[in-house]
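**Q** Input: one structure, supplied below.
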Amino acid sequence: MHFDIPVVMGILNITPDSFYNKSRFTAGQVVDIAGQMLRDGAKIIDIGGYSTRPGASEVSEEEEIERLMPVVEVLKKQIPESIVSVDTYRARVVEETVGAGADIINDVGGGTLDAAMFDTVARLKVPYILMHMRGNPQNMQQLTQYDDLLTDIIRDLSEKIRQLRTMGLADIIVDPGFGFAKTREQNFKLMNYLEEFTTLGCPLLSGISRKGMIWKTLEIQPEHALNGTTVLNTVSLMKGASILRVHDVKEAVEAVKLVQQLSVD
């Protein structure tokens, strides 16, 4: 996959407690939903079996695997051309889902929540989304103190990229982790300086779809945050994002098409 033109990743949550209820789907619904996302222009389908919203409930490794495996298998069987990303921070889940055909691993823990993660993705040589986070979904919002927000996050990601490269992993995507161990004000600072993350030399993912930085600022609910999401997706594209991770594929694809016109002579 090339990122000369940014691509859209559609979110497909196999969880009962995702913060945005319209992104929750059962295994039986996924083929229709994923198919519609692909028709709307998504290039990647990102499936998750564990909600990582602040304060989310713990889910056992076994339950996460039980949620994800049927989805990976049915997507690769029914829509073999689909590129499936698995949103997990557990190495065993990586082993199982990549074995079933998953194409990308999206790790919100950035290797910090499972000591075997880096070894596993490097051995499997699976493209890896490296996100910045501190702590875990239960306590991350108590870990928002930084000496210098941008410097600290970029240094952390840079050191992990160097480690992964040394281990032989070629395909790394970086995600600054909007909403993960960051306050609302810090999220907007990250957005304002998002282009700084392109210096890491990896494709850049922006994942702000319907997040609290939008709906809390606008004093609305997540289901009304599409317009705000589109605004910040557009900012992300103009600051160098290669991937937009979104709940609403069609609108994000339209944003990509319009921003691309700005570079036409």
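Each chain of the structure tokens is named A, B, ... in the order shown, its residues numbered from 1; ligands are numbered from 1 in display order.
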If we count only C-alpha atoms, what is near segment 157-164 of chain A at a cut-off of 9 Å, once residues fewer than 6 positions away on the same chain are taken out, given as a list in words?
**A**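 Within the cut-off, the hits are Gly110, Gly111, Phe118, Asp119, Val121, Ala122, Leu130, Met131, His132, Ala170, Ile172, Val174, Asp175, Pro176, Leu200 and Cys202 of chain A.
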**Q** The selected residues should be written to file as a PDB file, in the first residue's frame (atoms: C-alpha atoms).
**A**
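The result, stored in out37.pdb:
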```pdb
ATOM      1  CA  GLY A 110       2.633   0.910  21.553  1.00  0.00           C
ATOM      2  CA  GLY A 111       4.291  -2.224  22.920  1.00  0.00           C
ATOM      3  CA  PHE A 118       7.480  -6.207  19.563  1.00  0.00           C
ATOM      4  CA  ASP A 119       9.027  -9.668  19.286  1.00  0.00           C
ATOM      5  CA  VAL A 121       5.129  -8.414  15.206  1.00  0.00           C
ATOM      6  CA  ALA A 122       8.797  -8.450  14.199  1.00  0.00           C
ATOM      7  CA  LEU A 130       2.634   2.167  16.826  1.00  0.00           C
ATOM      8  CA  MET A 131       0.517   4.439  19.019  1.00  0.00           C
ATOM      9  CA  HIS A 132       1.615   6.574  21.937  1.00  0.00           C
ATOM     10  CA  ALA A 170       9.984  -2.710   7.995  1.00  0.00           C
ATOM     11  CA  ILE A 172       5.581   0.913  10.798  1.00  0.00           C
ATOM     12  CA  VAL A 174       2.803   6.093  13.809  1.00  0.00           C
ATOM     13  CA  ASP A 175      -0.195   7.390  15.735  1.00  0.00           C
ATOM     14  CA  PRO A 176       0.255  10.182  18.326  1.00  0.00           C
ATOM     15  CA  LEU A 200       9.662  10.244  12.201  1.00  0.00           C
ATOM     16  CA  CYS A 202       6.697   6.700   8.905  1.00  0.00           C
TER      17      CYS A 202
END
```
**Q** Run DSSP on the backbone and tell me which residues of segment 11-255 of chain A come out as strand (DSSP E or B); list them as number ranges by chain.
**A** A: 11-13, 24, 44-48, 84-87, 104-107, 128-131, 172-175, 204-206, 243-246
**Q** If you count only C-alpha atoms, which residues fall within 12 Å of Arg184 of chain A, apart from same-chain ones fewer than 4 positions away, as a ChimeraX atom specification?
**A** /A:141,144,178-180,188-191,208,211-218
**Q** List every residue of segment 21-203 of chain A that DSSP, applied to the backbone, labels as alpha helix (DSSP H), and write the result as a ChimeraX atom specification.
**A** /A:30-39,61-78,91-99,117-124,149-166,184-192
**Q** Please list as an NGL selection string every residue within 10 Å of segment 81-97 of chain A, counting only C-alpha atoms and excluding residues in the same chain fewer than 5 positions away.
**A** :A and (1 or 9-13 or 34-35 or 38 or 42-52 or 61-62 or 64-66 or 68-73 or 75-76 or 102-121 or 124 or 126-129)
**Q** Please write the residues from the selection above to a file, keeping C-alpha atoms, as a short mmCIF file (atom, residue, chain, number, x, y, z; two decimals), in the first residue's frame.
**A**
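Result file out-v7.cif:
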```cif
data_model
loop_
_atom_site.label_atom_id
_atom_site.label_comp_id
_atom_site.auth_asym_id
_atom_site.auth_seq_id
_atom_site.Cartn_x
_atom_site.Cartn_y
_atom_site.Cartn_z
CA MET A 1 0.00 0.00 0.00
CA MET A 9 -9.53 3.19 7.72
CA GLY A 10 -13.06 2.24 8.77
CA ILE A 11 -13.72 1.36 12.43
CA LEU A 12 -15.64 -1.84 13.12
CA ASN A 13 -15.96 -2.57 16.85
CA ALA A 34 -17.37 -3.86 5.97
CA GLY A 35 -18.60 -4.22 2.40
CA LEU A 38 -15.18 -0.57 1.14
CA ALA A 42 -12.22 2.65 2.82
CA LYS A 43 -8.92 0.91 2.11
CA ILE A 44 -8.55 -0.71 5.55
CA ILE A 45 -11.09 -2.21 7.96
CA ASP A 46 -9.98 -1.91 11.60
CA ILE A 47 -11.69 -4.41 13.92
CA GLY A 48 -11.52 -4.29 17.70
CA GLY A 49 -12.70 -6.66 20.39
CA TYR A 50 -11.74 -4.57 23.41
CA SER A 51 -12.98 -1.03 24.03
CA THR A 52 -10.10 1.31 24.88
CA GLU A 61 -7.57 -12.48 26.36
CA GLU A 62 -9.78 -15.47 25.60
CA GLU A 64 -11.05 -10.90 22.90
CA ILE A 65 -9.88 -13.78 20.69
CA GLU A 66 -13.37 -15.28 20.63
CA LEU A 68 -12.17 -11.30 16.80
CA MET A 69 -11.39 -14.65 15.20
CA PRO A 70 -14.80 -15.25 13.55
CA VAL A 71 -14.72 -11.72 12.18
CA VAL A 72 -11.24 -12.01 10.65
CA GLU A 73 -12.12 -15.39 9.18
CA LEU A 75 -14.00 -11.09 6.22
CA LYS A 76 -11.05 -12.85 4.58
CA ALA A 102 -5.23 -10.29 9.49
CA ASP A 103 -3.01 -7.89 7.55
CA ILE A 104 -2.13 -5.11 10.03
CA ILE A 105 -1.83 -4.83 13.81
CA ASN A 106 -3.04 -1.62 15.46
CA ASP A 107 -1.55 -1.49 18.97
CA VAL A 108 -2.91 1.27 21.21
CA GLY A 109 -0.34 0.27 23.81
CA GLY A 110 2.63 0.91 21.55
CA GLY A 111 4.29 -2.22 22.92
CA THR A 112 3.98 -1.15 26.56
CA LEU A 113 1.06 -3.39 27.58
CA ASP A 114 2.51 -6.73 26.47
CA ALA A 115 6.25 -7.36 26.68
CA ALA A 116 6.00 -9.89 23.84
CA MET A 117 4.37 -7.53 21.34
CA PHE A 118 7.48 -6.21 19.56
CA ASP A 119 9.03 -9.67 19.29
CA THR A 120 5.77 -11.04 17.89
CA VAL A 121 5.13 -8.41 15.21
CA LEU A 124 5.57 -12.23 11.88
CA VAL A 126 3.20 -7.80 10.02
CA PRO A 127 2.67 -4.06 9.37
CA TYR A 128 2.35 -2.39 12.75
CA ILE A 129 0.60 0.78 13.93
#
```
**Q** In Å to one decimal, how far is atom CA of Arg123 of chain A from atom CA of Met167 of chain A?
**A**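 It comes out at 8.4 Å.
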**Q** Taking only C-alpha atoms into account, which of A:Ile153, A:Leu244, A:Val98, A:Leu258 comes nearest Thr229 of chain A?
**A**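 Nearest candidate to Thr229 of chain A out of A:Ile153, A:Leu244, A:Val98, A:Leu258: A:Leu244.
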**Q** Find the residues near Gly41 of chain A: any atom within 9 Å, counting only C-alpha atoms, skip ones fewer than 3 places away on the same chain, and give them as a list in words.
**A**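 Here the answer would be Val7, Val8, Gln36, Met37, Leu38, Val249, Lys250, Ala252 and Val253 of chain A.
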**Q** Provide the atom CA of Val259 of chain A to atom CA of Leu237 of chain A distance in Å, to one decimal place.
**A**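 One can read the atom CA of Val259 of chain A to atom CA of Leu237 of chain A distance as 7.1 Å.
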**Q** Return the single residue from A:Asn139, A:Ser242, A:Val256, A:Glu223 that is closest to Phe3 of chain A, with distances computed using only C-alpha atoms.
**A**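 With only C-alpha atoms as the atom set, the closest residue is A:Ser242.
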**Q** Can you measure atom CA of Gln221 of chain A to atom CA of Met133 of chain A for me? One decimal in Å is fine.
**A**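 It comes out at 24.4 Å.
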**Q** Determine the nearest neighbour of Pro6 of chain A from the options A:Leu194, A:Val59, A:Leu150, A:Leu205, counting only C-alpha atoms.
**A**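 Using only C-alpha atoms, Pro6 of chain A sits closest to A:Leu205.
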